[in-house]
Protein chains: 2
Amino acid sequence: MLPMIVDFIYKEGDWSIFLISALITAVTGGGLMLLGRGAKGLRHREGFAIVSFGWTLIGIAGALPFVLSGVIPSFTDAVFESISGFTTTGSTIMTNIEGVCEAHHGIIFWRALIQWLGGMGIVVFALAILPLLGVGGMQLFRAESPGPNTEKLTPRIKETARLLWVVYLLITIAEVIMLMAVGRMGLFDSLCHSFTTMATGGFSTLDSSVGGFGSAAVEWIIILFMFIAGVNFSLHYLAVSGKPQRYWQDDEFRFYFKMLVISSAMIIAVLIPSGFFSNISDAVRGSIFQVVSICTTTGYGSSDYMLWPPFTHAILLFLMGIGGCAGSTGGGIKMMRVLLILKHGHAEMKKLLHPRAVYSIWFNKRSIPQSLMTNVLGFFLLFMLVFVAGILVLTLTGNDIVTAVGATAATLGNIGPGLGMVGPTCNFAFMSGGEKWFLTFLMLVGRLEIYTFLILLLPATWRRM
Amino acid sequence: MLPMIVDFIYKEGDWSIFLISALITAVTGGGLMLLGRGAKGLRHREGFAIVSFGWTLIGIAGALPFVLSGVIPSFTDAVFESISGFTTTGSTIMTNIEGVCEAHHGIIFWRALIQWLGGMGIVVFALAILPLLGVGGMQLFRAESPGPNTEKLTPRIKETARLLWVVYLLITIAEVIMLMAVGRMGLFDSLCHSFTTMATGGFSTLDSSVGGFGSAAVEWIIILFMFIAGVNFSLHYLAVSGKPQRYWQDDEFRFYFKMLVISSAMIIAVLIPSGFFSNISDAVRGSIFQVVSICTTTGYGSSDYMLWPPFTHAILLFLMGIGGCAGSTGGGIKMMRVLLILKHGHAEMKKLLHPRAVYSIWFNKRSIPQSLMTNVLGFFLLFMLVFVAGILVLTLTGNDIVTAVGATAATLGNIGPGLGMVGPTCNFAFMSGGEKWFLTFLMLVGRLEIYTFLILLLPATWRRM
């Protein structure tokens with residue numbers, strides 16, 4: 001309904017498209033609700049199936065306005081764009097966004113809005129549902145997610161979701177106001193960019209992305225809000241409730257902050273002498289923008305980093321893999337897991353020196369049980385396995401190694417742009433239909449924390465009990 | 001002394017070089033023995049230090065003939081070549097091997113011999129010493145390594161080493177005889193190639209490597225012996241003792257065999273239609289040769305795989321990472337660990353479905369304790385961490401990403417040739433001195449199973465107890 005209002009304002013005649021899409025979705029959704037009535041006793045495997053199929057169906061529903069308006073005539077392309085939106089990936093197959101925007105503001109608004117909705121969806125999923133399903137260390141947040149600590153599942157999920165929505169909305173409004181205050185963006189651009197910043201999605205209204213606005217102030221504001229969106233939303237909730245000191249007390253937050261500072265410093269140190277930027281303040285802002293954009297898996301571009309020295313590519317590639325904090329809208333492996341994995345490696349080395357000593361791994365002043373550690377390590381291994389499989393499939397279909405690595409990282413990590421042929425100035429339009437479906441699959445696998453989706457491929461999941 | 005005999009036969013006047021090198025090594029070694037007399041009560045950390053510094057010192061000693069003969073005038077280059085030999089990596093900085101060989105048969109013989117010695121060294125290290133140090137899952141072989149099962153350390157290591165030497169020597173002799181029987185290689189070439197095949201080292205006497213002999217029979221024989229060298233030598237020992245059925249009973253052996261068959265089949269399927277080879281039998285042999293050469297981390301070349309389709313690069317790159325079986329002369333992460341890691345991932349997924357069930361991981365009919373599993377996972381993580389660090393360093397010094405990835409994989413995995421600028425037809429001569437020392441370091445880290453060397457970088461190792 002919201003893009004319909006946008007269309008009314010711009011009087012571009014797309015309103016019926018949105019109405020038809022809404023009706024199709026409502027009827028399908030209503031039908032599924034009726035079908036599912038009376039089902040009781042949700043097991044773990046039903047939980048995984050509901051999340052996976054739900055996200056896929058929502059993605060297909062989101063593609064309707066693109067197809068019906070004729071803006072993206074191919075169904076494959078429209079689903080790619082829509083799931084790229086809902087998973088807050090931000091990979092695009094659209095090549096002339098500004099041209100489309102002139103005639104279809106509603107469609108471009110919808111494209112940004114689905115990222116925003118997807119971003120909130122993933123935060124609720126990560127903080128309210130995943131801890132219950134026991135996936136990849138998210139159990140750590142069971143006690144910490146906002147909402148009343150009752151034993152009953154449904155009211156708790158609802159209450160958590162409501163509180164997180166309020167926080168998310170407040171921060172988004174703050175960004176809209178700040179962007180408009182600069183004077184370089186109107187309400188439309190400010191809204192769209194705020195939506196996609198908070199979702200760490202990265203869809204822009206310009207083909208040249210944020211860099212196209214040519215404003216240092218806009219870039220600094222977006223750096224700030226990308227940084228905020230990459231933080232665990234439980235912490236924002238606590239800050240809003242009067243406990244801002246919890247940010248710096250959080251091990252993951254400090255790790256995230258230090259990673260960004262160190263990576264930016266290294267890239268600045270390499271970029272300044274390379275002469276890529278004409279002055280130091282541009283080099284500093286350009287480096288920080290790209291580091292935060294990639295690490296939070298937003299994927300906005302302000303500069304063509306493929307032209308930077310290879311050392312910066314190596315750093316950006318590793319940041320892609322790490323991603324944002326757990327419980328943020330960011331993708332990737334997540335800061336928390338990387339931190340736990342590093343602590344585990346250190347503990348294993350110390351164990352070799354003193355085989356009879358016992359070393360605990362600490363996170364936020366709690367000792368991590370071994371079962372949680374093996375769960376996190378299993379997550380990392382599955383991530384690597386899917387990454388390897390992605391590279392194999394994409395080289396088999398004829399891409400070069402750099403493009404295959406870049407495209408797999410960009411979609412599995414929910415970043416958006418990759419390296420090589422899918423670098424920051426390119427897009428995914430040239431890929432074949434089969435490749436696009438495969439990449440869409442990778443976006444979902446990455447967004448639903450690997451386990452959730454892969455578990456459906458396990459024969460044991462489908463066996464009758 | 002052996003290369004001295006070779007020099008006497010060819011009458012090339014290098015004999016004094018070898019004599020001087022032997023004297024320097026004997027005096028230094030004797031001095032160190034005197035210094036270390038009376039030291040008692042070896043702790044774990046002393047074990048790690050002895051192995052790490054020992055391997056480094058032996059590497060430097062091995063460089064003496066290269067420097068003294070003037071064949072490799074630079075000390076950096078000579079140490080690179082020597083440690084590349086002793087670690088059975090096979091990366092080379094020599095650009096005109098055939099030219100050197102014409103005037104210095106002794107030196108080229110020495111270059112092959114150090115690989116052979118290093119290969120046996122690593123088998124003894126892996127099967128007799130590592131299980132005692134508790135590194136990366138090698139504890140699994142504690143009961144299985146040959147030699148009497150006594151509680152006393154030193155006699156057991158000695159006896160294990162003696163039995164493994166006999167097996168190693170017998171297989172090497174078999175290869176020499178078979179290679180000579182083909183008629184394309186003389187005794188010198190057969191010896192040198194048998195040394196470097198059994199070590200999965202990959203130094204050749206020709207600049208064009210094994211491909212230069214232009215003989216299908218030679219390539220098939222070398223495929224067979226590379227395959228043998230990539231197997232856990234405990235199994236060869238058992239086979240020689242009348243239990244050949246143990247090969248197929250071994251989980252790791254079956255996994256290794258299947259990996260080679262599947263990888264070869266995939267590469268053959270891509271190479272035949274690509275038209276790279278003019279006939280099918282060449283394509284089949286070329287594919288299998290490269291798969292076995294890379295997977296066992298030998299690194300011989302029979303064809304320039306950088307010209308093959310990118311899909312084959314992806315497969316070869318993953319095989320590089322996996323490497324041979326534990327307890328073989330091969331490098332990489334090792335088949336056993338990859339198999340355990342895959343089983344762990346599978347068990348973690350099943351655990352999510354049935355959170356209260358207990359899943360054991362089985363290897364060779366034994367249930368793997370969780371502490372051993374976290375040790376193996378820790379190994380994998382440290383391997384990845386060093387890999388990442390390697391890429392960062394090598395891009396920082398100005399290499400492109402593909403070369404940096406290839407050079408790190410080639411040295412850390414003890415393979416030899418990499419991708420990009422250090423691909424199969426290139427070598428490491430163009431690298432700077434600093435890069436060569438860094439790559440030498442990576443060879444040692446990889447060869448000594450990561451932990452052994454990295455533990456020396458831990459401040460806790462150097463603290464007084």
# chains A, B, ... in the order shown; residues from 1 in each chain; ligands from 1
call {"tool": "closest_atom_pairs", "arguments": {"of": "range 285-349 of chain A", "to": "range 81-104 of chain A", "cutoff": "12 Å", "atoms": "only C-alpha atoms", "output": "CSV"}}
result
residue,atom,partner,partner_atom,distance
A:Ser293,CA,A:Gly90,CA,11.6
A:Ile294,CA,A:Thr89,CA,11.2
A:Thr296,CA,A:Thr89,CA,10.8
A:Thr297,CA,A:Thr89,CA,7.5
A:Thr298,CA,A:Gly90,CA,7.3
A:Gly299,CA,A:Gly90,CA,6.9
A:Tyr300,CA,A:Gly90,CA,8.6
A:Gly301,CA,A:Gly90,CA,11.3
A:Met320,CA,A:Thr89,CA,11.7
A:Gly323,CA,A:Thr89,CA,11.8
A:Ser328,CA,A:Thr88,CA,11.4
A:Thr329,CA,A:Thr88,CA,7.7
A:Gly330,CA,A:Thr88,CA,8.1
A:Gly331,CA,A:Thr89,CA,8.0
A:Gly332,CA,A:Thr89,CA,10.4
call {"tool": "write_last_selection", "arguments": {"atoms": "N, CA and C atoms", "output": "JSON list (two decimals), in the first residue's frame"}}
result
[["chain", "number", "residue", "atom", "x", "y", "z"],
["A", 293, "SER", "N", 30.76, -0.13, 4.46],
["A", 293, "SER", "CA", 29.75, -0.62, 3.53],
["A", 293, "SER", "C", 29.92, -2.12, 3.28],
["A", 294, "ILE", "N", 31.16, -2.58, 3.15],
["A", 294, "ILE", "CA", 31.40, -4.01, 2.88],
["A", 294, "ILE", "C", 31.25, -4.82, 4.16],
["A", 296, "THR", "N", 29.57, -4.23, 6.93],
["A", 296, "THR", "CA", 28.18, -4.38, 7.37],
["A", 296, "THR", "C", 27.35, -5.08, 6.30],
["A", 297, "THR", "N", 27.98, -5.41, 5.18],
["A", 297, "THR", "CA", 27.35, -6.06, 4.02],
["A", 297, "THR", "C", 26.25, -5.19, 3.41],
["A", 298, "THR", "N", 26.41, -3.87, 3.50],
["A", 298, "THR", "CA", 25.46, -2.98, 2.82],
["A", 298, "THR", "C", 25.70, -3.02, 1.32],
["A", 299, "GLY", "N", 26.94, -2.70, 0.94],
["A", 299, "GLY", "CA", 27.27, -2.79, -0.47],
["A", 299, "GLY", "C", 27.03, -1.54, -1.28],
["A", 300, "TYR", "N", 26.81, -0.39, -0.64],
["A", 300, "TYR", "CA", 26.78, 0.87, -1.38],
["A", 300, "TYR", "C", 28.17, 1.12, -1.97],
["A", 301, "GLY", "N", 28.20, 1.81, -3.11],
["A", 301, "GLY", "CA", 29.49, 2.19, -3.67],
["A", 301, "GLY", "C", 29.68, 3.69, -3.59],
["A", 320, "MET", "N", 33.97, -9.03, 3.88],
["A", 320, "MET", "CA", 32.76, -9.61, 3.31],
["A", 320, "MET", "C", 32.39, -10.89, 4.02],
["A", 323, "GLY", "N", 31.32, -10.06, 7.97],
["A", 323, "GLY", "CA", 29.99, -9.46, 8.06],
["A", 323, "GLY", "C", 29.77, -8.68, 9.34],
["A", 328, "SER", "N", 22.11, -8.14, 13.98],
["A", 328, "SER", "CA", 22.01, -6.90, 13.22],
["A", 328, "SER", "C", 21.34, -7.23, 11.90],
["A", 329, "THR", "N", 21.23, -6.25, 11.00],
["A", 329, "THR", "CA", 20.69, -6.57, 9.69],
["A", 329, "THR", "C", 21.79, -7.04, 8.74],
["A", 330, "GLY", "N", 23.04, -7.03, 9.19],
["A", 330, "GLY", "CA", 24.17, -7.43, 8.36],
["A", 330, "GLY", "C", 24.23, -8.92, 8.10],
["A", 331, "GLY", "N", 24.96, -9.30, 7.04],
["A", 331, "GLY", "CA", 25.08, -10.72, 6.70],
["A", 331, "GLY", "C", 26.43, -11.28, 7.09],
["A", 332, "GLY", "N", 26.88, -12.28, 6.32],
["A", 332, "GLY", "CA", 28.19, -12.88, 6.56],
["A", 332, "GLY", "C", 28.18, -13.86, 7.73]]
call {"tool": "residues_around", "arguments": {"residues": "Ser360 in chain A", "least_positions_apart": "3", "cutoff": "12 Å", "atoms": "only C-alpha atoms", "output": "list in words"}}
result
Leu340, Lys343, His344, Gly345, His346, Ala347, Glu348, Lys350, Lys351, Ala357, Phe363, Lys365, Arg366, Ser367, Ile368, Pro369, Gln370 and Met373 of chain A
call {"tool": "interface_residues", "arguments": {"of": "chain B", "to": "chain A", "cutoff": "9 Å", "atoms": "only C-alpha atoms", "output": "tab-separated table (two decimals) with N, CA, C and O atoms, in the first residue's frame"}}
result
chain	number	residue	atom	x	y	z
B	43	ARG	N	59.63	-31.28	27.98
B	43	ARG	CA	58.22	-30.90	28.05
B	43	ARG	C	57.65	-30.79	26.64
B	43	ARG	O	58.39	-30.80	25.66
B	44	HIS	N	56.33	-30.59	26.56
B	44	HIS	CA	55.70	-30.39	25.26
B	44	HIS	C	56.32	-29.22	24.51
B	44	HIS	O	56.61	-29.30	23.34
B	45	ARG	N	56.52	-28.12	25.24
B	45	ARG	CA	56.99	-26.93	24.52
B	45	ARG	C	58.39	-27.12	23.98
B	45	ARG	O	58.73	-26.62	22.92
B	48	PHE	N	58.03	-28.95	20.68
B	48	PHE	CA	57.68	-28.07	19.57
B	48	PHE	C	58.89	-27.25	19.10
B	48	PHE	O	59.12	-27.07	17.90
B	133	LEU	N	52.56	-35.32	20.78
B	133	LEU	CA	52.38	-33.89	21.08
B	133	LEU	C	50.91	-33.50	21.03
B	133	LEU	O	50.55	-32.39	21.39
B	134	GLY	N	50.05	-34.41	20.54
B	134	GLY	CA	48.62	-34.14	20.55
B	134	GLY	C	48.17	-33.11	19.53
B	134	GLY	O	47.24	-32.37	19.74
B	135	VAL	N	48.82	-33.08	18.36
B	135	VAL	CA	48.51	-32.03	17.39
B	135	VAL	C	47.47	-32.49	16.37
B	135	VAL	O	47.63	-33.52	15.72
B	270	VAL	N	35.07	-31.88	-18.26
B	270	VAL	CA	35.13	-30.49	-18.72
B	270	VAL	C	36.22	-30.33	-19.79
B	270	VAL	O	36.07	-29.56	-20.74
B	309	PRO	N	39.95	-24.60	-18.54
B	309	PRO	CA	38.80	-23.78	-18.11
B	309	PRO	C	38.81	-23.51	-16.60
B	309	PRO	O	39.35	-24.32	-15.83
B	310	PRO	N	38.24	-22.37	-16.18
B	310	PRO	CA	38.30	-21.96	-14.76
B	310	PRO	C	37.73	-22.99	-13.78
B	310	PRO	O	38.18	-23.06	-12.64
B	311	PHE	N	36.77	-23.79	-14.22
B	311	PHE	CA	36.19	-24.81	-13.33
B	311	PHE	C	37.28	-25.75	-12.81
B	311	PHE	O	37.29	-26.13	-11.64
B	312	THR	N	38.21	-26.11	-13.71
B	312	THR	CA	39.30	-27.01	-13.29
B	312	THR	C	40.19	-26.31	-12.25
B	312	THR	O	40.70	-26.97	-11.35
B	313	HIS	N	40.36	-24.98	-12.38
B	313	HIS	CA	41.17	-24.27	-11.38
B	313	HIS	C	40.53	-24.36	-10.01
B	313	HIS	O	41.21	-24.52	-9.00
B	314	ALA	N	39.18	-24.20	-10.00
B	314	ALA	CA	38.48	-24.25	-8.71
B	314	ALA	C	38.70	-25.62	-8.07
B	314	ALA	O	39.05	-25.71	-6.89
B	315	ILE	N	38.56	-26.69	-8.86
B	315	ILE	CA	38.75	-28.03	-8.29
B	315	ILE	C	40.19	-28.20	-7.81
B	315	ILE	O	40.44	-28.69	-6.70
B	318	PHE	N	40.89	-26.46	-4.51
B	318	PHE	CA	40.37	-27.12	-3.32
B	318	PHE	C	41.18	-28.37	-3.00
B	318	PHE	O	41.44	-28.66	-1.83
B	341	ILE	N	35.87	-33.23	9.56
B	341	ILE	CA	35.17	-31.95	9.55
B	341	ILE	C	33.82	-32.09	8.86
B	341	ILE	O	32.81	-31.56	9.32
B	342	LEU	N	33.78	-32.83	7.75
B	342	LEU	CA	32.51	-33.03	7.05
B	342	LEU	C	31.55	-33.82	7.92
B	342	LEU	O	30.35	-33.51	8.01
B	344	HIS	N	31.51	-33.86	11.11
B	344	HIS	CA	31.09	-32.97	12.18
B	344	HIS	C	29.95	-32.07	11.71
B	344	HIS	O	28.95	-31.89	12.42
B	345	GLY	N	30.08	-31.49	10.51
B	345	GLY	CA	29.03	-30.62	9.97
B	345	GLY	C	27.71	-31.37	9.86
B	345	GLY	O	26.64	-30.84	10.21
B	346	HIS	N	27.79	-32.60	9.38
B	346	HIS	CA	26.59	-33.42	9.23
B	346	HIS	C	25.95	-33.70	10.60
B	346	HIS	O	24.73	-33.59	10.76
B	347	ALA	N	26.78	-34.03	11.57
B	347	ALA	CA	26.27	-34.33	12.92
B	347	ALA	C	25.61	-33.10	13.54
B	347	ALA	O	24.56	-33.19	14.19
B	348	GLU	N	26.20	-31.92	13.30
B	348	GLU	CA	25.63	-30.69	13.87
B	348	GLU	C	24.25	-30.40	13.29
B	348	GLU	O	23.36	-29.92	13.99
B	349	MET	N	24.08	-30.68	12.00
B	349	MET	CA	22.76	-30.45	11.39
B	349	MET	C	21.73	-31.41	11.98
B	349	MET	O	20.60	-31.02	12.28
B	350	LYS	N	22.14	-32.68	12.12
B	350	LYS	CA	21.19	-33.65	12.70
B	350	LYS	C	20.82	-33.26	14.13
B	350	LYS	O	19.69	-33.43	14.57
B	352	LEU	N	20.45	-30.32	15.29
B	352	LEU	CA	19.44	-29.25	15.30
B	352	LEU	C	18.04	-29.83	15.16
B	352	LEU	O	17.08	-29.30	15.72
B	353	LEU	N	17.94	-30.92	14.39
B	353	LEU	CA	16.64	-31.54	14.21
B	353	LEU	C	16.17	-32.21	15.49
B	353	LEU	O	15.00	-32.17	15.84
B	354	HIS	N	17.09	-32.86	16.18
B	354	HIS	CA	16.76	-33.61	17.40
B	354	HIS	C	17.71	-33.17	18.49
B	354	HIS	O	18.70	-33.84	18.78
B	355	PRO	N	17.43	-32.02	19.11
B	355	PRO	CA	18.40	-31.38	20.01
B	355	PRO	C	18.80	-32.26	21.18
B	355	PRO	O	19.88	-32.08	21.74
B	370	GLN	N	35.05	-35.68	21.79
B	370	GLN	CA	34.82	-34.28	21.43
B	370	GLN	C	36.11	-33.44	21.50
B	370	GLN	O	36.32	-32.55	20.67
B	373	MET	N	37.92	-33.76	18.37
B	373	MET	CA	37.21	-33.04	17.30
B	373	MET	C	37.50	-31.54	17.37
B	373	MET	O	37.76	-30.91	16.35
B	374	THR	N	37.49	-30.96	18.58
B	374	THR	CA	37.77	-29.52	18.65
B	374	THR	C	39.23	-29.24	18.29
B	374	THR	O	39.55	-28.20	17.75
B	375	ASN	N	40.10	-30.20	18.56
B	375	ASN	CA	41.50	-30.06	18.18
B	375	ASN	C	41.63	-30.02	16.65
B	375	ASN	O	42.34	-29.18	16.08
B	377	LEU	N	39.20	-29.22	14.51
B	377	LEU	CA	38.56	-27.99	14.04
B	377	LEU	C	39.49	-26.80	14.27
B	377	LEU	O	39.59	-25.91	13.42
B	378	GLY	N	40.18	-26.80	15.41
B	378	GLY	CA	41.14	-25.74	15.68
B	378	GLY	C	42.25	-25.72	14.64
B	378	GLY	O	42.67	-24.67	14.18
B	379	PHE	N	42.69	-26.91	14.23
B	379	PHE	CA	43.72	-26.99	13.19
B	379	PHE	C	43.23	-26.31	11.92
B	379	PHE	O	43.92	-25.50	11.31
B	381	LEU	N	40.92	-24.07	11.55
B	381	LEU	CA	40.78	-22.63	11.71
B	381	LEU	C	42.13	-21.94	11.62
B	381	LEU	O	42.27	-20.90	10.98
B	382	LEU	N	43.15	-22.52	12.27
B	382	LEU	CA	44.47	-21.91	12.22
B	382	LEU	C	45.01	-21.95	10.79
B	382	LEU	O	45.65	-21.00	10.33
B	385	LEU	N	43.41	-19.20	9.00
B	385	LEU	CA	43.91	-17.93	9.51
B	385	LEU	C	45.27	-17.60	8.89
B	385	LEU	O	45.53	-16.47	8.46
B	388	VAL	N	44.78	-16.68	5.27
B	388	VAL	CA	44.31	-15.30	5.15
B	388	VAL	C	45.47	-14.33	5.36
B	388	VAL	O	45.66	-13.39	4.58
B	391	ILE	N	47.71	-14.23	2.32
B	391	ILE	CA	47.17	-13.46	1.20
B	391	ILE	C	47.32	-11.97	1.47
B	391	ILE	O	47.70	-11.20	0.59
B	392	LEU	N	47.06	-11.57	2.72
B	392	LEU	CA	47.20	-10.14	3.06
B	392	LEU	C	48.63	-9.68	2.84
B	392	LEU	O	48.88	-8.64	2.22
B	393	VAL	N	49.60	-10.44	3.34
B	393	VAL	CA	51.00	-10.03	3.20
B	393	VAL	C	51.39	-9.95	1.72
B	393	VAL	O	52.01	-8.99	1.28
B	394	LEU	N	51.00	-10.97	0.94
B	394	LEU	CA	51.45	-11.01	-0.45
B	394	LEU	C	50.73	-10.01	-1.34
B	394	LEU	O	51.28	-9.59	-2.37
B	395	THR	N	49.51	-9.59	-0.97
B	395	THR	CA	48.90	-8.50	-1.75
B	395	THR	C	49.50	-7.16	-1.31
B	395	THR	O	49.64	-6.26	-2.12
B	396	LEU	N	49.87	-7.09	-0.03
B	396	LEU	CA	50.47	-5.85	0.46
B	396	LEU	C	51.79	-5.56	-0.26
B	396	LEU	O	52.12	-4.41	-0.53
B	397	THR	N	52.54	-6.62	-0.58
B	397	THR	CA	53.80	-6.40	-1.28
B	397	THR	C	53.58	-6.23	-2.78
B	397	THR	O	54.54	-6.18	-3.54
B	398	GLY	N	52.31	-6.17	-3.21
B	398	GLY	CA	52.03	-5.76	-4.58
B	398	GLY	C	51.60	-6.86	-5.54
B	398	GLY	O	51.43	-6.60	-6.73
B	399	ASN	N	51.40	-8.10	-5.08
B	399	ASN	CA	50.93	-9.15	-5.99
B	399	ASN	C	49.43	-9.02	-6.20
B	399	ASN	O	48.71	-8.54	-5.33
B	400	ASP	N	48.95	-9.51	-7.37
B	400	ASP	CA	47.50	-9.54	-7.56
B	400	ASP	C	46.91	-10.66	-6.72
B	400	ASP	O	47.62	-11.51	-6.20
B	401	ILE	N	45.57	-10.64	-6.58
B	401	ILE	CA	44.90	-11.58	-5.67
B	401	ILE	C	45.16	-13.03	-6.06
B	401	ILE	O	45.46	-13.87	-5.22
B	402	VAL	N	45.06	-13.33	-7.35
B	402	VAL	CA	45.20	-14.74	-7.77
B	402	VAL	C	46.61	-15.25	-7.47
B	402	VAL	O	46.78	-16.36	-6.94
B	451	TYR	N	50.29	-25.87	14.06
B	451	TYR	CA	50.42	-25.75	15.51
B	451	TYR	C	51.88	-25.70	15.96
B	451	TYR	O	52.28	-24.83	16.74
B	454	LEU	N	53.45	-22.34	15.05
B	454	LEU	CA	52.74	-21.15	15.56
B	454	LEU	C	52.83	-21.06	17.08
B	454	LEU	O	52.79	-19.97	17.65
B	455	ILE	N	52.94	-22.22	17.72
B	455	ILE	CA	52.98	-22.25	19.17
B	455	ILE	C	54.18	-21.45	19.69
B	455	ILE	O	54.16	-20.88	20.79
B	458	LEU	N	53.46	-17.86	20.49
B	458	LEU	CA	52.60	-17.59	21.64
B	458	LEU	C	53.47	-17.15	22.83
B	458	LEU	O	54.39	-17.85	23.21
B	460	ALA	N	52.95	-17.31	25.88
B	460	ALA	CA	52.90	-18.29	26.98
B	460	ALA	C	53.98	-19.36	26.84
B	460	ALA	O	54.44	-19.94	27.82
B	461	THR	N	54.40	-19.63	25.59
B	461	THR	CA	55.41	-20.67	25.36
B	461	THR	C	56.74	-20.30	25.98
B	461	THR	O	57.52	-21.17	26.37
call {"tool": "closest_residue", "arguments": {"among": "A:Leu19, A:Thr25, A:Asp250, A:Arg37", "to": "Ser69 in chain A", "atoms": "only C-alpha atoms"}}
result
A:Leu19
call {"tool": "select_by_dssp", "arguments": {"residues": "range 34-254 of chain B", "states": "alpha helix (DSSP H)", "output": "PyMOL selection string"}}
result
chain B and resi 34-36+44-68+75-86+97-103+105-124+130-133+153-182+187-198+216-229+233-240+246-249+251-254
call {"tool": "atom_distance", "arguments": {"atom1": "CA of Leu163 in chain B", "atom2": "CA of Ile129 in chain B"}}
result
14.9 Å
call {"tool": "residues_around", "arguments": {"residues": "Met336 in chain A", "least_positions_apart": "5", "cutoff": "9 Å", "atoms": "only C-alpha atoms", "output": "number ranges by chain"}}
result
A: 137, 251-253, 255-256, 324-326, 341, 363
call {"tool": "write_last_selection", "arguments": {"atoms": "C-alpha atoms", "output": "CSV table (one decimal), in the first residue's frame"}}
result
chain,number,residue,atom,x,y,z
A,137,GLY,CA,25.6,-19.9,18.6
A,251,ASP,CA,32.6,-8.2,23.5
A,252,GLU,CA,31.1,-8.4,20.0
A,253,PHE,CA,30.6,-4.6,19.7
A,255,PHE,CA,35.5,-6.5,18.3
A,256,TYR,CA,33.3,-5.0,15.5
A,324,GLY,CA,28.1,-7.5,10.8
A,325,CYS,CA,27.2,-8.4,14.3
A,326,ALA,CA,24.8,-11.2,15.2
A,341,ILE,CA,36.4,-19.0,16.6
A,363,PHE,CA,32.1,-14.3,25.9
call {"tool": "atom_distance", "arguments": {"atom1": "CA of Phe80 in chain B", "atom2": "CA of Gly59 in chain B"}}
result
8.5 Å
call {"tool": "closest_residue", "arguments": {"among": "A:Tyr359, A:Phe225, A:Trp248, A:Trp220", "to": "Asp282 in chain A", "atoms": "only C-alpha atoms"}}
result
A:Trp220
call {"tool": "select_by_dssp", "arguments": {"residues": "range 224-381 of chain A", "states": "strand (DSSP E)", "output": "number ranges by chain"}}
result
A: 362-363, 366-367
call {"tool": "residues_around", "arguments": {"residues": "Gly423 in chain B", "least_positions_apart": "3", "cutoff": "9 Å", "atoms": "only C-alpha atoms", "output": "list in words"}}
result
Asp304, Tyr305, Met306, Thr403, Gly406, Ala407, Pro417, Gly418, Leu419, Gly420, Cys426 and Asn427 of chain B
call {"tool": "write_last_selection", "arguments": {"atoms": "N, CA and C atoms", "output": "mmCIF file, in the first residue's frame"}}
result
data_model
loop_
_atom_site.group_PDB
_atom_site.id
_atom_site.type_symbol
_atom_site.label_atom_id
_atom_site.label_comp_id
_atom_site.auth_asym_id
_atom_site.auth_seq_id
_atom_site.Cartn_x
_atom_site.Cartn_y
_atom_site.Cartn_z
ATOM 1 N N ASP B 304 50.040 -27.205 -18.967
ATOM 2 C CA ASP B 304 49.851 -25.907 -18.325
ATOM 3 C C ASP B 304 48.382 -25.724 -17.950
ATOM 4 N N TYR B 305 48.041 -26.083 -16.710
ATOM 5 C CA TYR B 305 46.619 -26.059 -16.336
ATOM 6 C C TYR B 305 46.046 -24.653 -16.232
ATOM 7 N N MET B 306 46.914 -23.624 -16.223
ATOM 8 C CA MET B 306 46.359 -22.268 -16.212
ATOM 9 C C MET B 306 45.571 -21.985 -17.499
ATOM 10 N N THR B 403 47.614 -14.436 -7.734
ATOM 11 C CA THR B 403 48.990 -14.839 -7.432
ATOM 12 C C THR B 403 49.176 -15.000 -5.928
ATOM 13 N N GLY B 406 47.461 -18.155 -4.877
ATOM 14 C CA GLY B 406 48.206 -19.296 -5.404
ATOM 15 C C GLY B 406 49.508 -19.520 -4.665
ATOM 16 N N ALA B 407 50.271 -18.453 -4.412
ATOM 17 C CA ALA B 407 51.571 -18.598 -3.747
ATOM 18 C C ALA B 407 51.393 -19.041 -2.302
ATOM 19 N N PRO B 417 53.873 -25.535 -7.227
ATOM 20 C CA PRO B 417 53.375 -24.482 -8.107
ATOM 21 C C PRO B 417 52.021 -23.990 -7.633
ATOM 22 N N GLY B 418 51.671 -22.737 -7.977
ATOM 23 C CA GLY B 418 50.397 -22.177 -7.561
ATOM 24 C C GLY B 418 49.550 -21.802 -8.752
ATOM 25 N N LEU B 419 48.986 -20.613 -8.685
ATOM 26 C CA LEU B 419 48.162 -20.084 -9.760
ATOM 27 C C LEU B 419 48.730 -18.714 -10.131
ATOM 28 N N GLY B 420 48.238 -18.150 -11.214
ATOM 29 C CA GLY B 420 48.640 -16.798 -11.604
ATOM 30 C C GLY B 420 50.114 -16.737 -11.953
ATOM 31 N N CYS B 426 55.579 -21.229 -14.352
ATOM 32 C CA CYS B 426 56.367 -20.109 -13.848
ATOM 33 C C CYS B 426 57.136 -20.573 -12.620
ATOM 34 N N ASN B 427 57.863 -19.671 -11.993
ATOM 35 C CA ASN B 427 58.476 -20.016 -10.722
ATOM 36 C C ASN B 427 58.602 -18.786 -9.851
#
